[in-house]
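Text of my_file.csv (CSV, C-alpha atoms) as supplied:
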chain,number,residue,atom,x,y,z
A,1454,MET,CA,93.2,190.7,92.1
A,1455,LYS,CA,92.9,191.8,95.7
A,1456,GLU,CA,96.6,191.1,96.6
A,1457,ILE,CA,99.9,192.4,95.2
A,1458,GLY,CA,103.5,191.4,95.4
A,1459,ILE,CA,106.2,194.0,94.8
A,1460,ILE,CA,109.8,193.1,94.0
A,1461,GLY,CA,111.9,196.1,95.0
A,1462,GLY,CA,111.2,198.5,97.9
A,1463,GLY,CA,112.5,201.7,96.6
A,1464,GLN,CA,111.0,205.2,96.4
A,1465,MET,CA,108.6,204.5,93.5
A,1466,ALA,CA,107.4,201.3,95.2
A,1467,GLU,CA,106.8,203.2,98.4
A,1468,ALA,CA,104.9,205.9,96.5
A,1469,LEU,CA,102.6,203.2,95.1
A,1470,ILE,CA,102.2,201.5,98.5
A,1471,LYS,CA,101.2,204.8,100.1
A,1472,GLY,CA,98.7,205.4,97.2
A,1473,PHE,CA,97.3,201.8,97.5
A,1474,LEU,CA,96.6,202.3,101.2
A,1475,GLU,CA,95.2,205.8,101.0
A,1476,LYS,CA,92.8,204.8,98.2
A,1477,ASN,CA,91.9,201.4,99.7
A,1478,ILE,CA,93.1,199.6,96.5
A,1479,PHE,CA,94.9,197.1,98.7
A,1480,SER,CA,94.9,196.6,102.5
A,1481,PRO,CA,98.2,196.3,104.3
A,1482,ASP,CA,97.8,192.6,104.9
A,1483,LYS,CA,97.4,192.0,101.1
A,1484,ILE,CA,100.8,193.6,100.2
A,1485,LEU,CA,104.0,191.6,100.1
A,1486,VAL,CA,107.3,193.3,99.2
A,1487,SER,CA,110.7,191.8,98.7
A,1488,GLU,CA,113.6,194.1,99.5
A,1489,PRO,CA,117.3,193.0,100.0
A,1490,VAL,CA,118.2,195.8,102.5
A,1491,PHE,CA,117.2,195.0,106.1
A,1492,GLU,CA,116.9,198.6,107.2
A,1493,ARG,CA,114.6,199.4,104.3
A,1494,ARG,CA,112.4,196.3,105.0
A,1495,GLN,CA,112.2,197.4,108.7
A,1496,TYR,CA,111.2,200.9,107.7
A,1497,LEU,CA,108.5,199.8,105.3
A,1498,GLN,CA,107.0,197.3,107.7
A,1499,GLU,CA,106.9,199.8,110.6
A,1500,PHE,CA,105.6,202.7,108.6
A,1501,TYR,CA,103.0,200.9,106.4
A,1502,HIS,CA,102.4,197.7,108.3
A,1503,ILE,CA,102.8,195.6,105.2
A,1504,PHE,CA,104.5,192.2,104.8
A,1505,LEU,CA,108.2,192.1,103.9
A,1506,THR,CA,110.6,189.5,102.7
A,1507,GLU,CA,114.1,189.4,101.3
A,1508,LYS,CA,113.2,186.6,98.9
A,1509,ASN,CA,111.9,187.5,95.4
A,1510,ILE,CA,110.7,183.9,94.8
A,1511,GLU,CA,108.5,184.1,97.9
A,1512,VAL,CA,106.6,187.0,96.4
A,1513,VAL,CA,106.0,185.1,93.2
A,1514,LYS,CA,104.9,182.0,95.0
A,1515,LYS,CA,102.4,183.9,97.2
A,1516,LYS,CA,100.9,186.6,94.9
A,1517,ASN,CA,99.4,186.4,91.4
A,1518,LEU,CA,99.8,190.2,90.7
A,1519,ILE,CA,103.5,191.0,90.6
A,1520,LEU,CA,105.0,194.5,90.3
A,1521,LEU,CA,108.6,194.6,89.2
A,1522,ALA,CA,110.1,197.8,90.8
A,1523,VAL,CA,113.8,197.2,90.5
A,1524,LYS,CA,116.5,199.0,88.5
A,1525,PRO,CA,116.8,198.1,84.8
A,1526,GLN,CA,120.4,197.0,85.4
A,1527,VAL,CA,119.4,194.2,87.7
A,1528,MET,CA,116.1,193.2,85.9
A,1529,LYS,CA,117.6,190.3,84.0
A,1530,MET,CA,119.0,188.8,87.2
A,1531,VAL,CA,115.6,189.1,88.9
A,1532,LEU,CA,113.7,187.6,85.9
A,1533,GLU,CA,116.1,184.7,85.7
A,1534,GLU,CA,115.5,184.1,89.4
A,1535,ILE,CA,111.7,184.1,89.3
A,1536,LYS,CA,110.9,182.7,85.8
A,1537,ASP,CA,110.5,179.1,86.8
A,1538,PHE,CA,107.9,180.1,89.4
A,1539,ILE,CA,105.7,182.1,86.9
A,1540,ASN,CA,102.3,180.5,86.2
A,1541,ILE,CA,101.1,181.9,82.9
A,1542,LYS,CA,97.4,181.2,83.8
A,1543,LYS,CA,97.6,183.0,87.2
A,1544,HIS,CA,100.3,185.7,87.1
A,1545,LEU,CA,100.0,189.2,85.7
A,1546,ILE,CA,103.4,191.0,85.6
A,1547,LEU,CA,103.7,194.8,85.8
A,1548,THR,CA,107.0,196.5,85.3
A,1549,ILE,CA,108.0,200.1,85.8
A,1550,ALA,CA,111.7,199.8,84.7
A,1551,ALA,CA,112.7,202.5,82.3
A,1552,GLY,CA,114.2,201.6,79.0
A,1553,LEU,CA,113.3,197.9,78.8
A,1554,PRO,CA,111.0,196.9,76.0
A,1555,ILE,CA,108.3,194.2,76.4
A,1556,SER,CA,110.3,191.9,74.2
A,1557,PHE,CA,113.1,191.9,76.8
A,1558,TYR,CA,110.8,190.3,79.4
A,1559,GLU,CA,109.1,188.0,76.9
A,1560,LYS,CA,112.5,186.5,75.9
A,1561,ILE,CA,113.2,185.5,79.5
A,1562,LEU,CA,109.9,184.7,81.1
A,1563,PRO,CA,107.8,181.7,80.2
A,1564,PRO,CA,106.0,181.8,76.8
A,1565,LYS,CA,102.6,183.6,76.9
A,1566,THR,CA,103.3,185.4,80.2
A,1567,LYS,CA,101.0,188.4,80.7
A,1568,LEU,CA,102.8,191.6,81.0
A,1569,ILE,CA,102.0,195.3,81.3
A,1570,ARG,CA,104.8,198.0,80.9
A,1571,ILE,CA,104.3,201.2,82.8
A,1572,MET,CA,106.2,204.5,82.7
A,1573,PRO,CA,105.3,206.7,85.7
A,1574,ASN,CA,107.4,209.7,86.9
A,1575,THR,CA,108.7,211.1,90.1
A,1576,CYS,CA,105.6,213.1,90.8
A,1577,ALA,CA,104.2,209.7,92.0
A,1578,LEU,CA,105.7,210.7,95.4
A,1579,ALA,CA,103.1,213.5,95.5
A,1580,HIS,CA,100.4,211.3,93.9
A,1581,ARG,CA,100.6,213.5,90.8
A,1582,SER,CA,102.2,211.1,88.4
A,1583,ILE,CA,101.1,210.6,84.8
A,1584,SER,CA,101.7,206.9,84.0
A,1585,ALA,CA,101.8,205.7,80.5
A,1586,LEU,CA,100.8,202.0,80.0
A,1587,CYS,CA,101.1,199.5,77.2
A,1588,LYS,CA,100.4,195.8,77.2
A,1589,GLY,CA,102.4,192.9,76.1
A,1590,SER,CA,101.5,190.3,73.5
A,1591,PHE,CA,99.5,188.1,75.8
A,1592,ALA,CA,97.9,190.6,78.2
A,1593,THR,CA,94.2,191.3,77.9
A,1594,ASP,CA,92.2,194.5,78.0
A,1595,GLU,CA,91.0,193.3,81.5
A,1596,ASP,CA,94.7,193.1,82.6
A,1597,LEU,CA,95.2,196.6,81.3
A,1598,GLU,CA,92.2,197.9,83.3
A,1599,ILE,CA,93.7,196.3,86.4
A,1600,ALA,CA,97.0,198.1,85.8
A,1601,GLN,CA,95.2,201.4,85.2
A,1602,LYS,CA,93.2,201.1,88.5
A,1603,ILE,CA,96.4,200.3,90.4
A,1604,PHE,CA,98.4,203.3,88.9
A,1605,SER,CA,95.5,205.6,89.4
A,1606,ALA,CA,96.6,205.5,93.1
A,1607,ILE,CA,99.5,207.8,92.2
A,1608,GLY,CA,97.9,210.1,89.6
A,1609,GLU,CA,96.6,209.8,86.1
A,1610,THR,CA,97.1,207.1,83.5
A,1611,ILE,CA,97.3,207.1,79.7
A,1612,ILE,CA,97.4,204.2,77.2
A,1613,VAL,CA,100.0,204.4,74.5
A,1614,ASP,CA,101.6,202.1,71.9
A,1615,GLU,CA,105.0,200.8,73.0
A,1616,ASN,CA,106.8,202.5,70.2
A,1617,LEU,CA,105.9,205.8,72.0
A,1618,MET,CA,107.5,204.8,75.3
A,1619,ASP,CA,110.9,206.4,74.5
A,1620,ALA,CA,109.1,209.7,73.8
A,1621,VAL,CA,107.1,209.3,77.0
A,1622,THR,CA,110.3,208.8,78.9
A,1623,ALA,CA,111.9,211.9,77.4
A,1624,LEU,CA,108.9,214.1,78.0
A,1625,SER,CA,107.1,213.1,81.2
A,1626,GLY,CA,109.5,210.7,82.7
A,1627,SER,CA,112.3,213.3,82.7
A,1628,GLY,CA,109.8,216.2,82.8
A,1629,PRO,CA,109.9,216.9,86.5
A,1630,ALA,CA,113.6,217.8,86.2
A,1631,TYR,CA,112.9,220.3,83.4
A,1632,VAL,CA,110.1,222.0,85.3
A,1633,ALA,CA,112.3,222.1,88.5
A,1634,LEU,CA,115.1,223.7,86.5
A,1635,PHE,CA,112.8,226.4,85.1
A,1636,ILE,CA,111.3,227.1,88.6
A,1637,GLU,CA,114.8,227.3,90.0
A,1638,ALA,CA,115.8,229.8,87.3
A,1639,LEU,CA,112.7,231.9,88.0
A,1640,ILE,CA,113.5,232.0,91.8
A,1641,ASP,CA,117.1,233.0,91.0
A,1642,ALA,CA,115.7,235.8,88.7
A,1643,GLY,CA,113.6,237.0,91.6
A,1644,ILE,CA,116.7,237.2,93.8
A,1645,ARG,CA,118.6,239.0,91.1
A,1646,ILE,CA,116.0,241.8,91.0
A,1647,GLY,CA,116.1,242.2,94.8
A,1648,LEU,CA,113.5,239.8,96.3
A,1649,PRO,CA,114.4,237.7,99.4
A,1650,ARG,CA,114.6,234.0,98.5
A,1651,SER,CA,111.6,233.1,100.7
A,1652,ILE,CA,109.4,235.6,98.9
A,1653,ALA,CA,110.7,234.7,95.5
A,1654,GLU,CA,110.0,231.0,96.2
A,1655,ARG,CA,106.4,231.7,97.4
A,1656,LEU,CA,105.6,233.9,94.4
A,1657,ILE,CA,106.9,231.4,91.9
A,1658,PHE,CA,105.5,228.3,93.5
A,1659,GLN,CA,102.0,229.8,93.6
A,1660,THR,CA,102.3,231.2,90.1
A,1661,VAL,CA,103.2,227.8,88.7
A,1662,LEU,CA,100.4,226.1,90.5
A,1663,GLY,CA,97.9,228.8,89.5
A,1664,THR,CA,99.0,228.6,85.8
A,1665,ILE,CA,98.4,224.8,85.8
A,1666,GLU,CA,95.0,225.3,87.4
A,1667,LEU,CA,94.1,227.8,84.7
A,1668,ILE,CA,95.1,225.5,81.9
A,1669,ILE,CA,93.5,222.3,83.3
A,1670,LYS,CA,90.4,223.5,85.2
A,1671,ASN,CA,89.6,226.6,83.2
A,1672,GLN,CA,90.5,224.8,79.9
A,1673,LYS,CA,92.8,227.6,78.8
A,1674,THR,CA,95.6,226.8,76.3
A,1675,PRO,CA,99.2,228.0,77.0
A,1676,TYR,CA,98.8,230.5,74.1
A,1677,GLU,CA,95.6,231.9,75.8
A,1678,ILE,CA,97.5,232.3,79.0
A,1679,LYS,CA,100.2,234.3,77.3
A,1680,ALA,CA,97.7,236.5,75.6
A,1681,MET,CA,95.8,237.2,78.8
A,1682,VAL,CA,99.0,238.4,80.5
A,1683,SER,CA,100.7,240.2,77.7
A,1684,SER,CA,99.7,243.8,77.3
A,1685,PRO,CA,100.9,245.8,74.2
A,1686,GLY,CA,104.3,247.3,75.0
A,1687,GLY,CA,104.2,245.9,78.5
A,1688,THR,CA,106.6,244.1,80.8
A,1689,THR,CA,105.4,240.6,79.9
A,1690,ILE,CA,105.9,240.9,76.1
A,1691,SER,CA,109.3,242.4,76.7
A,1692,ALA,CA,110.3,239.3,78.7
A,1693,LEU,CA,108.8,236.9,76.2
A,1694,HIS,CA,110.7,238.7,73.4
A,1695,GLU,CA,113.9,238.0,75.3
A,1696,PHE,CA,113.0,234.3,75.6
A,1697,TYR,CA,112.3,234.0,71.9
A,1698,GLU,CA,115.4,236.0,70.9
A,1699,LYS,CA,117.6,233.8,73.0
A,1700,GLY,CA,116.0,230.7,71.5
A,1701,PHE,CA,114.3,229.4,74.7
A,1702,PRO,CA,111.5,227.4,72.9
A,1703,GLY,CA,114.1,225.8,70.6
A,1704,ILE,CA,116.3,224.9,73.5
A,1705,VAL,CA,113.4,223.1,75.2
A,1706,ILE,CA,112.5,221.2,72.0
A,1707,SER,CA,116.2,220.2,71.4
A,1708,ALA,CA,116.7,219.1,75.0
A,1709,VAL,CA,113.7,216.8,75.0
A,1710,TYR,CA,114.8,215.4,71.6
A,1711,LYS,CA,118.2,214.7,73.1
A,1712,ALA,CA,116.5,212.8,76.0
A,1713,PHE,CA,114.4,210.9,73.5
A,1714,LEU,CA,117.5,209.8,71.5
A,1715,ARG,CA,119.3,208.8,74.8
A,1716,SER,CA,116.2,206.8,75.8
A,1717,LYS,CA,116.3,204.8,72.5
A,1718,GLU,CA,120.0,204.3,72.9
A,1719,LEU,CA,119.6,203.0,76.5
A,1720,SER,CA,116.8,200.7,75.4
A,1721,LYS,CA,119.1,199.0,72.9
A,1722,THR,CA,122.0,198.8,75.4
A,1723,LEU,CA,119.9,197.4,78.3
A,1724,SER,CA,117.9,194.9,76.3

Please re-express this file's structure in structure tokens.
Amino acid sequence: MKEIGIIGGGQMAEALIKGFLEKNIFSPDKILVSEPVFERRQYLQEFYHIFLTEKNIEVVKKKNLILLAVKPQVMKMVLEEIKDFINIKKHLILTIAAGLPISFYEKILPPKTKLIRIMPNTCALAHRSISALCKGSFATDEDLEIAQKIFSAIGETIIVDENLMDAVTALSGSGPAYVALFIEALIDAGIRIGLPRSIAERLIFQTVLGTIELIIKNQKTPYEIKAMVSSPGGTTISALHEFYEKGFPGIVISAVYKAFLRSKELSKTLS
């Protein structure tokens, strides 16, 4: 599949388009996007030189590989609009809508439609996403490989069973917000102890990046990082003691669990 049609021209769609072009997965003339807002269509066309339309049906008629990049709340309307134009022998449908199970799509689209569900995260905008993928009842392993190649344009991919998608949503889907909150708190802590904001930001940004590099490239575990930094009776162990005493690890676990429960609740509501 050397061409792609994208229904929805929002931020995640743009992140993918940018990745496709930079990694030569698709050329500009092979990308067709439907987007209802004229100004958004104009921006995408001028900036990326791709083809734009306001009609979802046109995308389905012209492309066999279709990415659904619309909000979950309008997905049913979009599926009802395009379902009569889906050819089960030609089309492969990819969806990045959060909270909608594969069964939701299979109830509306023609029987035996090939579908892959994907959960990326906002880090796609920096091409550092981790995208979890699972295939529908009629998608093949080859279809899954196509989806993996496509989403490698915005980061890494991982295959999971669909029953894990709510957990993926709670952990990595919402994860950038958790990390941003902790970084923000560390910067505020730096300001509290007298550092100018610009210096506190630079110190923390590089510290976070360096820690991730140690874990991934040097294959260090989080425990090993803590052990490397913590001297007996030193400053680090004093700070870690405060974190543990105030229940920081437990708060993180509870917060992610709350997100998990909410994701399951939304899945039932939306579908």

Practice task
Please provide as JSON, numbers by chain all residues within 7 Å of Gly1461 in chain A, with the sequence filter that same-chain residues fewer than 6 positions apart are discarded (counting only C-alpha atoms).
Solution key: {"A": [1486, 1487, 1488, 1521, 1522, 1523]}

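Separating CA of Thr1566 in chain A from CA of Lys1588 in chain A is a distance of 11.2 Å.
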
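CA of Ala1712 in chain A to CA of Met1530 in chain A spans 26.6 Å [interatomic distance, one decimal].
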
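Take the candidates A:Asn1509, A:Gln1659, A:Thr1610, A:Gln1526 and check each one against Gly1552 in chain A using only C-alpha atoms; the shortest distance goes to A:Gln1526.
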
Handout entry: Among the residues A:Ser1556, A:Asn1517, A:Thr1548, A:Ser1584, the one that comes closest to Lys1455 in chain A [using all atoms listed in the file]
Key = A:Asn1517

Problem - Within-10 Å shell of (114.3, 187.5, 81.0) in input frame, all atoms listed in the file, as a PyMOL selection string - result: chain A and resi 1528-1536+1556-1563+1724

What does the file look like for those residues with C-alpha atoms, as a short mmCIF file (atom, residue, chain, number, x, y, z; two decimals), in the coordinates of the input?
data_model
loop_
_atom_site.label_atom_id
_atom_site.label_comp_id
_atom_site.auth_asym_id
_atom_site.auth_seq_id
_atom_site.Cartn_x
_atom_site.Cartn_y
_atom_site.Cartn_z
CA MET A 1528 116.10 193.20 85.90
CA LYS A 1529 117.60 190.30 84.00
CA MET A 1530 119.00 188.80 87.20
CA VAL A 1531 115.60 189.10 88.90
CA LEU A 1532 113.70 187.60 85.90
CA GLU A 1533 116.10 184.70 85.70
CA GLU A 1534 115.50 184.10 89.40
CA ILE A 1535 111.70 184.10 89.30
CA LYS A 1536 110.90 182.70 85.80
CA SER A 1556 110.30 191.90 74.20
CA PHE A 1557 113.10 191.90 76.80
CA TYR A 1558 110.80 190.30 79.40
CA GLU A 1559 109.10 188.00 76.90
CA LYS A 1560 112.50 186.50 75.90
CA ILE A 1561 113.20 185.50 79.50
CA LEU A 1562 109.90 184.70 81.10
CA PRO A 1563 107.80 181.70 80.20
CA SER A 1724 117.90 194.90 76.30
#

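Counting from CA of Ser1720 in chain A, the distance to CA of Val1512 in chain A is 27.1 Å.
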
Exercise for the section: List every protein, DNA or RNA residue with an atom no more than 12 Å from (103.4, 194.9, 107.4) in the file's coordinates, counting all atoms listed in the file, and format the result as a PyMOL selection string. Expected result: chain A and resi 1470+1474+1480-1487+1494-1506

Practice task
Find the residue from A:Ala1585, A:Ala1680, A:Leu1648, A:Val1632 that sits nearest to Leu1662 in chain A; use only C-alpha atoms when measuring.
Solution key: A:Val1632

Practice task
Tell me, as a PyMOL selection string, which residues lie within 12 Å of Lys1602 in chain A, counting only C-alpha atoms; anything in the same chain fewer than 3 positions away does not count.
Solution key: chain A and resi 1454-1455+1469+1472-1473+1476-1479+1584+1586+1595-1599+1605-1611

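Nearest-residue note for Ala1653 in chain A: choosing from A:Glu1666, A:Leu1520, A:Leu1639, A:Lys1565, the minimum distance belongs to A:Leu1639, counting all atoms listed in the file.
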
Handout entry: Among listed residues A:Ile1668, A:Val1705, A:Ile1690, A:Ile1636, nearest Leu1656 in chain A (using all atoms listed in the file)
Key = A:Ile1636

Problem - 10 Å contact set for range 1613-1618 of chain A, only C-alpha atoms, chain neighbours under 4 positions out, as JSON, numbers by chain - result: {"A": [1551, 1552, 1553, 1554, 1555, 1570, 1571, 1572, 1584, 1585, 1586, 1587, 1588, 1589, 1622, 1623, 1624, 1626, 1713, 1716, 1717]}

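Taking all atoms listed in the file into account, Leu1723 in chain A lies nearest to A:Lys1524 out of the set A:Lys1515, A:Lys1524, A:Lys1543, A:Lys1508.
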